[in-house]
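Asker: entry36.txt is reproduced below (compact mmCIF, C-alpha atoms).
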# COMPACT_ATOMS: atom_id res chain seq x y z
CA MET I 1 0.00 0.00 0.00
CA SER I 2 2.73 2.43 -1.01
CA ASP I 3 0.17 4.98 -2.22
CA MET I 4 -1.39 5.39 1.23
CA ILE I 5 -2.45 8.89 2.21
CA PHE I 6 -2.63 7.87 5.85
CA ASP I 7 0.36 6.21 7.48
CA SER I 8 0.03 5.88 11.23
CA ILE I 9 -2.93 5.07 13.48
CA SER I 10 -3.31 5.14 17.25
CA ILE I 11 -6.03 3.10 18.97
CA VAL I 12 -7.12 4.40 22.38
CA GLY I 13 -8.56 1.42 24.23
CA PHE I 14 -6.90 -1.78 23.03
CA GLY I 15 -9.58 -4.10 24.34
CA TYR I 16 -11.37 -6.61 22.17
CA ILE I 17 -12.65 -4.12 19.57
CA GLY I 18 -9.61 -1.85 19.58
CA CYS I 19 -7.19 -4.76 19.42
CA THR I 20 -9.04 -6.39 16.53
CA ILE I 21 -9.32 -3.20 14.50
CA GLY I 22 -5.74 -2.15 15.23
CA THR I 23 -4.28 -5.54 14.39
CA VAL I 24 -6.15 -5.76 11.08
CA LEU I 25 -5.01 -2.26 10.12
CA ALA I 26 -1.41 -3.19 11.00
CA SER I 27 -1.72 -6.29 8.81
CA ARG I 28 -2.66 -3.96 5.95
CA GLY I 29 0.56 -1.98 6.27
CA TYR I 30 -0.26 0.82 8.71
CA ARG I 31 1.89 1.66 11.72
CA VAL I 32 -0.40 1.09 14.69
CA ILE I 33 0.06 2.18 18.30
CA GLY I 34 -2.33 0.79 20.88
CA VAL I 35 -2.92 2.96 23.95
CA GLU I 36 -4.07 0.78 26.82
CA THR I 37 -3.93 0.74 30.63
CA SER I 38 -4.48 -2.99 31.23
CA PRO I 39 -1.19 -4.67 32.18
CA ARG I 40 -2.52 -8.01 30.94
CA ILE I 41 -3.25 -6.67 27.45
CA LEU I 42 0.02 -4.74 27.26
CA GLU I 43 2.06 -7.76 28.32
CA ALA I 44 0.34 -10.10 25.86
CA VAL I 45 0.67 -7.83 22.83
CA ARG I 46 4.28 -6.95 23.58
CA ALA I 47 5.01 -10.67 23.64
CA GLY I 48 3.35 -11.03 20.23
CA GLU I 49 0.40 -12.88 21.74
CA SER I 50 -3.32 -12.25 21.49
CA PRO I 51 -5.11 -11.24 24.70
CA PHE I 52 -8.39 -12.37 23.16
CA ALA I 53 -9.66 -15.66 21.72
CA GLU I 54 -10.68 -14.44 18.28
CA PRO I 55 -10.08 -16.66 15.22
CA GLY I 56 -7.11 -15.37 13.19
CA LEU I 57 -6.10 -12.71 15.71
CA PRO I 58 -3.14 -14.53 17.35
CA GLU I 59 -1.38 -15.07 14.03
CA MET I 60 -1.94 -11.49 12.90
CA ILE I 61 -0.67 -10.02 16.18
CA SER I 62 2.41 -12.22 16.17
CA GLU I 63 3.32 -11.17 12.64
CA ALA I 64 2.61 -7.46 13.13
CA VAL I 65 4.60 -7.26 16.38
CA ALA I 66 7.51 -9.14 14.82
CA LYS I 67 7.55 -6.62 11.95
CA GLY I 68 7.52 -3.73 14.40
CA ILE I 69 4.40 -2.15 12.91
CA LEU I 70 2.21 -2.91 15.96
CA THR I 71 3.24 -1.55 19.35
CA VAL I 72 1.40 -0.70 22.56
CA THR I 73 1.88 1.87 25.29
CA ASP I 74 0.16 2.95 28.49
CA SER I 75 0.80 6.63 27.75
CA PRO I 76 -1.76 8.90 26.07
CA GLU I 77 1.18 10.52 24.31
CA GLY I 78 0.99 7.57 21.94
CA VAL I 79 -1.58 9.48 19.88
CA ALA I 80 0.84 12.31 19.15
CA GLY I 81 1.72 12.63 15.48
CA THR I 82 -0.46 9.79 14.22
CA ASP I 83 -2.65 10.52 11.23
CA VAL I 84 -5.71 8.87 12.72
CA VAL I 85 -6.82 8.37 16.33
CA ILE I 86 -9.49 5.72 16.98
CA LEU I 87 -11.21 5.60 20.37
CA ALA I 88 -12.62 2.22 21.43
CA VAL I 89 -13.07 2.85 25.15
CA GLY I 90 -15.89 1.14 27.02
CA THR I 91 -19.19 2.89 27.75
CA PRO I 92 -20.88 0.67 30.34
CA LEU I 93 -24.41 0.90 31.64
CA SER I 94 -24.84 3.42 34.44
CA GLU I 95 -27.00 2.87 37.52
CA THR I 96 -29.68 5.03 35.91
CA GLY I 97 -29.79 2.84 32.79
CA GLU I 98 -27.98 5.25 30.52
CA ALA I 99 -24.51 5.26 29.02
CA ASP I 100 -21.72 5.87 31.54
CA LEU I 101 -19.46 8.22 29.60
CA SER I 102 -16.89 8.69 32.37
CA GLN I 103 -14.27 6.44 30.75
CA ILE I 104 -14.58 7.96 27.29
CA ARG I 105 -14.52 11.48 28.74
CA SER I 106 -11.36 10.65 30.70
CA ALA I 107 -9.75 9.24 27.56
CA CYS I 108 -10.56 12.41 25.64
CA GLU I 109 -9.15 14.57 28.43
CA ALA I 110 -5.98 12.47 28.49
CA ILE I 111 -5.25 12.60 24.77
CA ALA I 112 -6.41 16.17 24.05
CA PRO I 113 -3.06 17.81 25.00
CA HIS I 114 -1.25 15.55 22.53
CA LEU I 115 -3.46 16.17 19.48
CA SER I 116 -2.55 18.46 16.60
CA ASP I 117 -4.38 20.26 13.80
CA GLY I 118 -5.70 18.04 11.04
CA GLN I 119 -5.66 14.71 12.90
CA LEU I 120 -8.71 12.55 12.27
CA VAL I 121 -10.36 11.30 15.47
CA VAL I 122 -12.81 8.42 15.11
CA PHE I 123 -15.12 7.27 17.91
CA LYS I 124 -15.97 3.55 17.91
CA SER I 125 -17.36 3.49 21.46
CA THR I 126 -21.14 3.22 21.69
CA LEU I 127 -22.51 6.68 22.48
CA PRO I 128 -25.93 8.26 22.95
CA PRO I 129 -27.00 10.57 20.11
CA GLY I 130 -25.41 13.98 20.52
CA ALA I 131 -22.49 12.88 22.69
CA THR I 132 -19.81 13.21 20.00
CA MET I 133 -20.94 16.65 18.90
CA ARG I 134 -21.91 18.21 22.23
CA GLU I 135 -19.68 16.59 24.84
CA LEU I 136 -16.59 14.92 23.40
CA ALA I 137 -15.56 16.94 20.35
CA PRO I 138 -15.28 20.15 22.43
CA ILE I 139 -12.84 18.37 24.76
CA LEU I 140 -10.70 17.19 21.86
CA ARG I 141 -10.67 20.58 20.17
CA ARG I 142 -9.49 22.66 23.12
CA LYS I 143 -5.94 22.72 21.80
CA ALA I 144 -6.11 21.54 18.20
CA ASN I 145 -8.48 21.76 15.26
CA VAL I 146 -8.97 18.01 14.87
CA LEU I 147 -11.48 16.34 12.59
CA VAL I 148 -14.04 14.29 14.50
CA VAL I 149 -16.43 11.52 13.40
CA PHE I 150 -18.50 8.79 14.96
CA SER I 151 -18.23 5.43 13.20
CA PRO I 152 -20.12 2.63 14.98
CA GLU I 153 -18.43 -0.67 15.70
CA ARG I 154 -20.28 -3.38 13.75
CA LEU I 155 -18.29 -6.53 14.52
CA ALA I 156 -19.56 -9.89 15.78
CA GLU I 157 -17.24 -11.87 18.01
CA GLY I 158 -16.04 -15.11 16.49
CA ARG I 159 -15.88 -13.64 12.99
CA ALA I 160 -14.78 -10.09 13.73
CA ILE I 161 -11.85 -9.98 11.29
CA GLU I 162 -13.94 -11.15 8.36
CA GLU I 163 -16.74 -8.74 9.22
CA PHE I 164 -14.38 -5.79 9.59
CA LEU I 165 -13.09 -6.43 6.08
CA THR I 166 -16.52 -6.89 4.49
CA THR I 167 -19.18 -4.94 6.42
CA PRO I 168 -20.03 -1.42 5.21
CA ILE I 169 -18.63 1.27 7.49
CA VAL I 170 -20.97 3.98 8.75
CA ILE I 171 -19.59 7.45 9.44
CA GLY I 172 -21.08 10.68 10.68
CA GLY I 173 -18.85 13.72 11.12
CA ILE I 174 -19.32 16.82 13.19
CA ASP I 175 -18.82 18.75 9.94
CA THR I 176 -18.36 18.09 6.23
CA GLU I 177 -14.57 18.25 6.41
CA SER I 178 -14.50 15.54 9.09
CA THR I 179 -16.87 13.29 7.14
CA ASP I 180 -14.84 13.66 3.94
CA ALA I 181 -11.58 12.80 5.71
CA ALA I 182 -13.11 9.74 7.34
CA MET I 183 -14.49 8.55 4.00
CA ARG I 184 -11.02 8.81 2.46
CA PHE I 185 -9.45 6.95 5.36
CA TRP I 186 -11.84 4.02 5.56
CA ARG I 187 -11.95 3.53 1.80
CA GLU I 188 -8.17 3.42 1.73
CA ALA I 189 -7.77 1.32 4.86
CA VAL I 190 -10.40 -1.36 4.34
CA GLY I 191 -11.81 -0.90 0.84
CA VAL I 192 -15.42 -1.64 1.81
CA ASP I 193 -18.51 0.47 1.19
CA VAL I 194 -18.52 3.63 3.31
CA LEU I 195 -21.95 4.95 4.26
CA PRO I 196 -21.97 8.59 5.35
CA VAL I 197 -24.97 9.85 7.31
CA GLY I 198 -25.99 13.42 7.96
CA SER I 199 -24.40 13.87 11.38
CA SER I 200 -22.44 12.19 14.13
CA SER I 201 -25.71 11.98 16.09
CA ALA I 202 -27.36 9.98 13.29
CA ALA I 203 -24.40 7.59 13.22
CA GLU I 204 -24.66 7.14 16.99
CA LEU I 205 -28.32 6.17 16.63
CA VAL I 206 -27.47 3.73 13.84
CA LYS I 207 -25.47 1.64 16.32
CA LEU I 208 -28.23 1.64 18.92
CA ALA I 209 -30.90 0.89 16.32
CA SER I 210 -28.95 -2.09 15.00
CA ASN I 211 -28.47 -3.68 18.40
CA LEU I 212 -32.04 -2.99 19.46
CA TRP I 213 -33.25 -4.75 16.30
CA ILE I 214 -31.06 -7.77 17.07
CA ASP I 215 -32.27 -7.99 20.68
CA LEU I 216 -35.90 -7.63 19.67
CA ASN I 217 -35.53 -10.21 16.94
CA ILE I 218 -33.96 -12.74 19.30
CA ALA I 219 -36.72 -12.03 21.82
CA LEU I 220 -39.29 -12.86 19.13
CA ALA I 221 -37.48 -16.12 18.37
CA ASN I 222 -37.34 -16.99 22.07
CA GLU I 223 -41.05 -16.32 22.56
CA LEU I 224 -41.90 -18.47 19.55
CA ALA I 225 -39.68 -21.23 20.93
CA LYS I 226 -41.48 -21.14 24.28
CA LEU I 227 -44.80 -21.38 22.45
CA ALA I 228 -43.62 -24.37 20.45
CA ASP I 229 -42.54 -26.12 23.65
CA VAL I 230 -45.96 -25.84 25.34
CA LEU I 231 -48.06 -26.81 22.34
CA GLU I 232 -48.93 -30.49 22.27
CA CYS I 233 -47.85 -30.75 18.67
CA GLU I 234 -44.76 -31.90 16.83
CA ILE I 235 -43.04 -28.60 16.11
CA ASP I 236 -39.38 -27.80 15.54
CA ILE I 237 -39.08 -24.03 15.88
CA LEU I 238 -35.99 -24.00 13.67
CA GLU I 239 -38.03 -25.46 10.83
CA VAL I 240 -40.76 -22.89 11.47
CA ILE I 241 -38.29 -19.99 11.45
CA ARG I 242 -36.41 -21.28 8.42
CA THR I 243 -39.64 -21.53 6.46
CA ALA I 244 -41.07 -18.23 7.68
CA ASN I 245 -37.87 -16.55 6.55
CA THR I 246 -38.63 -17.36 2.90
CA LEU I 247 -41.41 -14.74 2.80
CA PRO I 248 -40.44 -11.64 0.79
CA LYS I 249 -41.04 -8.48 2.75
CA GLY I 250 -39.93 -5.01 1.74
CA GLN I 251 -36.49 -5.05 0.13
CA ASN I 252 -35.51 -8.36 1.71
CA LYS I 253 -37.28 -11.25 3.42
CA VAL I 254 -38.62 -12.02 6.85
CA ASN I 255 -35.52 -12.64 8.95
CA ILE I 256 -36.27 -14.17 12.35
CA LEU I 257 -33.06 -15.03 14.19
CA THR I 258 -32.33 -18.09 16.32
CA PRO I 259 -33.55 -18.78 19.87
CA SER I 260 -31.12 -19.93 22.53
CA MET I 261 -30.59 -20.29 26.27
CA GLY I 262 -29.82 -16.58 26.58
CA VAL I 263 -28.34 -13.38 25.21
CA GLY I 264 -25.05 -12.10 26.57
CA GLY I 265 -22.07 -9.98 25.70
CA TYR I 266 -21.20 -6.36 26.17
CA CYS I 267 -23.49 -4.72 23.60
CA LEU I 268 -26.84 -6.47 23.38
CA THR I 269 -27.28 -6.57 27.16
CA LYS I 270 -26.86 -2.82 27.53
CA ASP I 271 -27.68 -0.96 24.31
CA PRO I 272 -31.47 -1.50 24.54
CA TRP I 273 -31.30 -0.05 28.05
CA PHE I 274 -29.35 2.90 26.62
CA VAL I 275 -32.22 3.53 24.21
CA ALA I 276 -34.84 3.25 26.96
CA GLY I 277 -32.84 5.53 29.27
CA ILE I 278 -32.31 8.18 26.61
CA ALA I 279 -36.03 8.12 25.81
CA GLN I 280 -37.05 8.46 29.46
CA ARG I 281 -34.74 11.45 29.88
CA HIS I 282 -36.72 13.11 27.10
CA GLY I 283 -40.10 12.18 28.54
CA LEU I 284 -40.71 9.23 26.22
CA ASP I 285 -41.67 5.78 27.52
CA LEU I 286 -40.47 3.25 24.91
CA LYS I 287 -41.82 -0.28 25.32
CA THR I 288 -39.78 -2.38 22.92
CA PRO I 289 -36.27 -2.02 24.45
CA VAL I 290 -37.53 -2.97 27.90
CA THR I 291 -39.61 -5.85 26.54
CA SER I 292 -36.75 -7.39 24.58
CA ARG I 293 -34.44 -7.22 27.58
CA HIS I 294 -37.02 -8.79 29.89
CA VAL I 295 -37.76 -11.59 27.43
CA ASN I 296 -34.15 -12.46 26.77
CA ASP I 297 -33.23 -12.24 30.44
CA THR I 298 -35.76 -15.02 31.17
CA MET I 299 -34.00 -17.57 28.98
CA PRO I 300 -31.43 -18.93 31.46
CA ALA I 301 -34.22 -19.64 33.96
CA TYR I 302 -36.37 -21.13 31.21
CA THR I 303 -33.54 -23.44 30.16
CA VAL I 304 -32.96 -24.58 33.73
CA SER I 305 -36.68 -25.23 34.11
CA ARG I 306 -36.52 -27.56 31.10
CA ILE I 307 -33.79 -29.55 32.83
CA LYS I 308 -35.49 -29.54 36.21
CA SER I 309 -38.88 -30.66 34.88
CA PHE I 310 -37.30 -33.63 33.09
CA PHE I 311 -35.79 -35.02 36.27
CA GLU I 312 -38.84 -34.16 38.39
CA LYS I 313 -40.99 -36.27 36.08
CA ARG I 314 -38.57 -39.13 36.70
CA GLY I 315 -38.86 -38.58 40.44
CA GLN I 316 -35.20 -37.67 40.64
CA PRO I 317 -34.23 -34.52 42.57
CA LEU I 318 -31.47 -32.41 41.08
CA SER I 319 -29.47 -32.91 44.25
CA GLU I 320 -28.82 -36.46 43.00
CA VAL I 321 -27.94 -35.48 39.44
CA LYS I 322 -24.62 -34.87 37.70
CA ILE I 323 -24.90 -32.14 35.09
CA ALA I 324 -22.11 -31.50 32.60
CA VAL I 325 -22.24 -27.98 31.18
CA LEU I 326 -20.41 -27.43 27.92
CA GLY I 327 -19.66 -23.74 27.43
CA LEU I 328 -19.29 -20.71 29.66
CA ALA I 329 -18.68 -17.96 27.08
CA PHE I 330 -21.66 -15.87 26.05
CA LYS I 331 -21.29 -16.82 22.41
CA THR I 332 -20.17 -19.72 20.23
CA ASN I 333 -16.48 -19.83 19.32
CA THR I 334 -15.37 -16.99 21.61
CA GLY I 335 -13.79 -16.92 25.05
CA ASP I 336 -15.67 -13.79 26.13
CA CYS I 337 -17.65 -14.23 29.34
CA ARG I 338 -18.93 -10.68 29.71
CA PHE I 339 -22.58 -10.85 30.81
CA THR I 340 -22.76 -14.49 29.77
CA PRO I 341 -26.23 -16.00 30.26
CA VAL I 342 -24.53 -19.21 31.37
CA LYS I 343 -23.62 -17.65 34.72
CA PRO I 344 -27.22 -17.13 35.95
CA ALA I 345 -28.11 -20.60 34.66
CA LEU I 346 -25.25 -22.10 36.69
CA ASP I 347 -26.31 -20.12 39.74
CA MET I 348 -29.86 -21.46 39.43
CA LEU I 349 -28.62 -25.02 39.06
CA ALA I 350 -26.38 -24.62 42.10
CA GLU I 351 -29.34 -23.33 44.11
CA GLU I 352 -31.06 -26.64 43.41
CA GLY I 353 -28.37 -28.34 45.50
CA LEU I 354 -26.67 -30.26 42.72
CA SER I 355 -24.17 -32.74 44.05
CA ASP I 356 -22.11 -32.61 40.87
CA LEU I 357 -22.09 -29.64 38.48
CA GLN I 358 -19.10 -29.47 36.15
CA VAL I 359 -18.31 -26.85 33.51
CA PHE I 360 -15.99 -27.20 30.52
CA ASP I 361 -15.03 -24.42 28.12
CA PRO I 362 -11.71 -24.71 26.28
CA ARG I 363 -11.91 -21.09 25.06
CA VAL I 364 -12.34 -19.45 28.47
CA SER I 365 -9.32 -18.85 30.68
CA ASP I 366 -9.27 -20.22 34.22
CA ASP I 367 -8.72 -16.68 35.51
CA ASP I 368 -11.81 -15.33 33.76
CA ALA I 369 -13.91 -18.22 35.06
CA GLU I 370 -12.61 -17.89 38.60
CA ALA I 371 -13.36 -14.17 38.54
CA MET I 372 -17.02 -15.23 38.20
CA GLY I 373 -16.69 -17.81 40.98
CA ILE I 374 -16.60 -20.76 38.58
CA LYS I 375 -13.99 -23.49 38.48
CA LEU I 376 -13.64 -25.07 35.08
CA THR I 377 -12.97 -28.76 34.60
CA SER I 378 -9.96 -29.13 32.34
CA ASN I 379 -10.81 -32.45 30.68
CA LEU I 380 -13.84 -33.00 28.47
CA ASP I 381 -14.00 -36.73 29.18
CA ASP I 382 -14.09 -36.09 32.93
CA VAL I 383 -17.02 -33.71 32.50
CA LEU I 384 -19.03 -36.15 30.41
CA GLU I 385 -18.25 -39.30 32.37
CA GLY I 386 -21.32 -40.50 34.27
CA ALA I 387 -23.36 -37.38 33.55
CA ASP I 388 -27.13 -37.57 33.91
CA CYS I 389 -27.47 -34.46 31.78
CA VAL I 390 -25.15 -32.87 29.23
CA ALA I 391 -26.10 -29.23 28.62
CA PHE I 392 -24.73 -27.51 25.53
CA PHE I 393 -24.75 -23.86 26.59
CA THR I 394 -22.51 -22.77 23.74
CA GLY I 395 -21.87 -24.37 20.36
CA HIS I 396 -18.06 -24.21 20.19
CA ASP I 397 -16.43 -26.13 17.36
CA GLU I 398 -14.60 -28.16 20.00
CA PHE I 399 -17.92 -29.68 21.03
CA LYS I 400 -18.54 -31.21 17.61
CA SER I 401 -16.56 -34.21 18.81
CA VAL I 402 -19.34 -34.90 21.32
CA THR I 403 -21.36 -37.07 18.95
CA PRO I 404 -24.42 -39.15 19.85
CA GLU I 405 -22.09 -42.15 20.07
CA VAL I 406 -19.84 -40.34 22.56
CA LEU I 407 -22.84 -39.25 24.60
CA GLU I 408 -24.14 -42.80 24.82
CA ASP I 409 -20.70 -44.07 25.78
CA ARG I 410 -19.98 -41.48 28.48
CA MET I 411 -23.37 -40.61 29.97
CA LYS I 412 -25.49 -42.64 32.34
CA PRO I 413 -28.27 -44.61 30.59
CA ASN I 414 -31.52 -42.76 29.94
CA GLY I 415 -29.87 -39.39 30.44
CA MET I 416 -30.87 -35.99 29.06
CA VAL I 417 -29.17 -33.86 26.41
CA MET I 418 -30.07 -30.18 26.80
CA ASP I 419 -29.38 -28.26 23.61
CA GLY I 420 -29.28 -24.59 24.60
CA ARG I 421 -27.62 -23.40 21.40
CA ILE I 422 -29.48 -25.34 18.67
CA PHE I 423 -26.41 -27.46 18.15
CA PHE I 424 -27.84 -30.71 16.76
CA SER I 425 -29.46 -31.48 13.41
CA ARG I 426 -32.69 -33.43 13.19
CA GLU I 427 -30.70 -36.50 12.11
CA MET I 428 -28.44 -36.24 15.17
CA ILE I 429 -31.44 -35.75 17.44
CA ALA I 430 -32.98 -38.95 16.10
CA ASP I 431 -29.65 -40.71 16.68
CA ILE I 432 -29.49 -39.43 20.26
CA GLU I 433 -32.99 -40.67 21.02
CA ALA I 434 -32.36 -44.00 19.32
CA ARG I 435 -29.59 -44.55 21.88
CA GLY I 436 -32.03 -44.25 24.78
CA LEU I 437 -31.21 -40.64 25.65
CA THR I 438 -33.74 -37.80 25.82
CA TYR I 439 -33.22 -34.65 23.78
CA ARG I 440 -34.54 -31.26 24.80
CA GLY I 441 -33.90 -27.97 23.03
CA ILE I 442 -35.24 -24.43 22.97
CA GLY I 443 -38.43 -24.81 20.95
CA ARG I 444 -37.45 -28.30 19.80
Please rewrite the model in this file as structure tokens.
Answerer:
Amino acid sequence: MSDMIFDSISIVGFGYIGCTIGTVLASRGYRVIGVETSPRILEAVRAGESPFAEPGLPEMISEAVAKGILTVTDSPEGVAGTDVVILAVGTPLSETGEADLSQIRSACEAIAPHLSDGQLVVFKSTLPPGATMRELAPILRRKANVLVVFSPERLAEGRAIEEFLTTPIVIGGIDTESTDAAMRFWREAVGVDVLPVGSSSAAELVKLASNLWIDLNIALANELAKLADVLECEIDILEVIRTANTLPKGQNKVNILTPSMGVGGYCLTKDPWFVAGIAQRHGLDLKTPVTSRHVNDTMPAYTVSRIKSFFEKRGQPLSEVKIAVLGLAFKTNTGDCRFTPVKPALDMLAEEGLSDLQVFDPRVSDDDAEAMGIKLTSNLDDVLEGADCVAFFTGHDEFKSVTPEVLEDRMKPNGMVMDGRIFFSREMIADIEARGLTYRGIGR
């Protein structure tokens, strides 16, 4: 990329999003400096190792660090002289249900003295509409006439690198000059479609609208799954959804997502509350964000109730049952446990007085699990051996080895397979049941 207009990029907040974006940009020839305060992240990257379990990221970090084009620092001075500054600092949920902007404000205050005229500053952190224009840009521009845009993060864990290189990038600047500069940068850096909107505030609402749609859609799928479970009919909700999704509607088709044992992660569990909180502050009582959150928050308890009712019908209290839980991360093929729905499910199972509850997740570190009060079992065979119930709470690729034959071999006879992530095909379900085991899913 010898014809690059932009050369160097600093990433303020080298967590999951910042690290992924920065590493990909380094792999495309840019000099990238990550600004981060976490000793764990700094140590890992400096050693050429990935602090996050994202497919493809370890190899890219190792190569970029070895080439010297990816470095990290704990000093805000790292932004000085770079062509582009990207902020990917967390904006957690406040006690009032709105975005807590204290971290992003502090980051802006820290880097502002080191900015210079003409630098492009890009916000990736989720922000309420108006925050970039009214609160953060004025902090950044106290000393220098920087260009400022909001460009929402649109990555899905487990396939973040692929999505970053293929998903259209949305940008909204605080002025035309900022928008134009951001369009030039992203087209050069990634080469995907760049979608400018009329303001930074509109771009901020794009992010919230997208995540609210996802949460609402999953809530619809979960409600349909619950309905399918109570009807005394032979219904597989996946078949229903797959068929319903063939109906043309508007520019696309009906697109109902997939039910599961719960929704987790950093964005979907908070962004609908952001929307509701913003609305309430302006005297508007929105129903859909609150509804979707309440529906999706019921799914861990619903999944546990499916397990409990099975053993109650057999006259077997859970205190006498061994349950093997496969998966602790909030999502398939990631090691991220932030707001994982598995944790409340485990707590509910423990409250039932289980004599033997074991959890296996090869993608989650022991430290992250222990921080949640959970001790992982290190060996898959040990978890499965003698289990009365095997609960698939994520669908990691590593669990594909747990075939119906393996389940029959390892589990106690007449045991239960709880599929909380729609892991098994209809053929595999038939195979499981042919081996004397009982299958239960979400809407299946």
Asker: Could you jot down the CA of Thr258 in chain I to CA of Asn211 in chain I separation for me, Å, one decimal place?
Answerer: 15.1 Å
Asker: Between CA of Gly420 in chain I and CA of Ala387 in chain I, what is the distance in Å, rounded to a tenth?
Answerer: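 Answer for the CA of Gly420 in chain I to CA of Ala387 in chain I separation: 16.7 Å.
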Asker: Please list as an mmCIF file with C-alpha atoms, keeping the file's coordinate frame every residue within 7 Å of range 377-383 of chain I, counting only C-alpha atoms and excluding residues in the same chain fewer than 2 positions away.
Answerer:
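Generated output (around_9.cif):
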data_model
loop_
_atom_site.group_PDB
_atom_site.id
_atom_site.type_symbol
_atom_site.label_atom_id
_atom_site.label_comp_id
_atom_site.auth_asym_id
_atom_site.auth_seq_id
_atom_site.Cartn_x
_atom_site.Cartn_y
_atom_site.Cartn_z
ATOM 1 C CA ALA I 324 -22.110 -31.500 32.600
ATOM 2 C CA GLN I 358 -19.100 -29.470 36.150
ATOM 3 C CA VAL I 359 -18.310 -26.850 33.510
ATOM 4 C CA PHE I 360 -15.990 -27.200 30.520
ATOM 5 C CA LYS I 375 -13.990 -23.490 38.480
ATOM 6 C CA GLU I 385 -18.250 -39.300 32.370
#
Asker: When distances are computed from only C-alpha atoms, which of I:Leu357, I:Ala131, I:Met261, I:Val148 shows the smallest separation from Glu204 in chain I?
Answerer: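 With only C-alpha atoms as the atom set, the closest residue is I:Ala131.
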Asker: Contacts of Ile256 in chain I at 12 Å or less, counting all atoms listed in the file, minus same-chain residues fewer than 3 places along, as JSON, numbers by chain?
Answerer: {"I": [213, 214, 215, 216, 217, 218, 219, 220, 221, 222, 223, 224, 225, 237, 238, 239, 240, 241, 242, 243, 244, 245, 246, 247, 253, 259]}
Asker: Tell me, as a PyMOL selection string, which residues lie within 12 Å of Ser75 in chain I, counting only C-alpha atoms; anything in the same chain fewer than 3 positions away does not count.
Answerer: chain I and resi 10-13+33-38+42+71-72+78-80+107+110-111+114
Asker: Just the residues within 9 Å of Ile432 in chain I, please, counting all atoms listed in the file, with nothing from its chain fewer than 5 positions along; format it as a list in words.
Answerer: Thr403, Pro404, Glu405, Leu407, Glu408, Val417, Glu427, Leu437, Thr438 and Tyr439 of chain I
Asker: Could the residues in this selection be written to a file with C-alpha atoms, as a compact mmCIF listing (two decimals), in the frame of the given file?
Answerer:
# COMPACT_ATOMS: atom_id res chain seq x y z
CA THR I 403 -21.36 -37.07 18.95
CA PRO I 404 -24.42 -39.15 19.85
CA GLU I 405 -22.09 -42.15 20.07
CA LEU I 407 -22.84 -39.25 24.60
CA GLU I 408 -24.14 -42.80 24.82
CA VAL I 417 -29.17 -33.86 26.41
CA GLU I 427 -30.70 -36.50 12.11
CA LEU I 437 -31.21 -40.64 25.65
CA THR I 438 -33.74 -37.80 25.82
CA TYR I 439 -33.22 -34.65 23.78
Asker: For CA of Pro39 in chain I and CA of Asp74 in chain I, quote the distance in Å rounded to one decimal.
Answerer: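 So the two atoms, CA of Pro39 in chain I and CA of Asp74 in chain I, lie 8.6 Å apart.
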Asker: Near Asp368 in chain I, within 9 Å and counting all atoms listed in the file, which residues show up once chain neighbours fewer than 6 positions away are dropped, as an MDAnalysis selection string?
Answerer: chainID I and resid 336:337 374
Asker: Hey, which bits of range 58-103 of chain I sit within 6 Å of range 271-291 of chain I, and for each residue what's the closest pair of atoms and how far apart in Å (one decimal), counting only C-alpha atoms, rows by chain and increasing number, as JSON lines?
Answerer:
{"residue": "I:Gly97", "atom": "CA", "partner": "I:Gly277", "partner_atom": "CA", "distance": 5.4}
{"residue": "I:Glu98", "atom": "CA", "partner": "I:Phe274", "partner_atom": "CA", "distance": 4.8}
{"residue": "I:Ala99", "atom": "CA", "partner": "I:Phe274", "partner_atom": "CA", "distance": 5.9}
Asker: Convert the current residue selection to file output with C-alpha atoms, as an mmCIF file, in the coordinates of the input.
Answerer:
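selection29.cif, freshly written:
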data_model
loop_
_atom_site.group_PDB
_atom_site.id
_atom_site.type_symbol
_atom_site.label_atom_id
_atom_site.label_comp_id
_atom_site.auth_asym_id
_atom_site.auth_seq_id
_atom_site.Cartn_x
_atom_site.Cartn_y
_atom_site.Cartn_z
ATOM 1 C CA GLY I 97 -29.790 2.840 32.790
ATOM 2 C CA GLU I 98 -27.980 5.250 30.520
ATOM 3 C CA ALA I 99 -24.510 5.260 29.020
#
Asker: Can you find the residues with an atom no farther than 7 Å from (-1.8, 10.2, 10.0), counting only C-alpha atoms, and report them as a PDB file with C-alpha atoms, in the coordinates of the input?
Answerer:
ATOM      1  CA  PHE I   6      -2.630   7.870   5.850  1.00  0.00           C
ATOM      2  CA  ASP I   7       0.360   6.210   7.480  1.00  0.00           C
ATOM      3  CA  SER I   8       0.030   5.880  11.230  1.00  0.00           C
ATOM      4  CA  ILE I   9      -2.930   5.070  13.480  1.00  0.00           C
ATOM      5  CA  GLY I  81       1.720  12.630  15.480  1.00  0.00           C
ATOM      6  CA  THR I  82      -0.460   9.790  14.220  1.00  0.00           C
ATOM      7  CA  ASP I  83      -2.650  10.520  11.230  1.00  0.00           C
ATOM      8  CA  VAL I  84      -5.710   8.870  12.720  1.00  0.00           C
ATOM      9  CA  GLN I 119      -5.660  14.710  12.900  1.00  0.00           C
TER      10      GLN I 119
END
Asker: Work out where the centre of an axis-aligned box around every listed atom of range 422-434 of chain I lies and how long its edges are once 5 Å is added on each side; give both in Å to one decimal as AutoDock Vina command-line options.
Answerer:
--center_x -29.7 --center_y -34.7 --center_z 16.6 --size_x 16.6 --size_y 28.7 --size_z 18.9
Asker: Please build the interface table for range 10-124 of chain I against range 171-186 of chain I with a cut-off of 12 Å, listing for each qualifying residue the nearest atom pair and the distance in Å to one decimal; count all atoms listed in the file, order rows by chain and increasing number, and write it as a tab-separated table.
Answerer:
residue	atom	partner	partner_atom	distance
I:Ile21	CA	I:Trp186	CA	11.8
I:Leu25	CA	I:Trp186	CA	10.3
I:Tyr30	CA	I:Phe185	CA	11.5
I:Asp83	CA	I:Phe185	CA	9.7
I:Val84	CA	I:Phe185	CA	8.5
I:Val85	CA	I:Ala182	CA	11.1
I:Ile86	CA	I:Ala182	CA	11.1
I:Gly118	CA	I:Ser178	CA	9.4
I:Gln119	CA	I:Ala181	CA	9.5
I:Leu120	CA	I:Ala181	CA	7.2
I:Val121	CA	I:Ser178	CA	8.7
I:Val122	CA	I:Ala182	CA	7.9
I:Phe123	CA	I:Ile171	CA	9.6
I:Lys124	CA	I:Ile171	CA	10.0
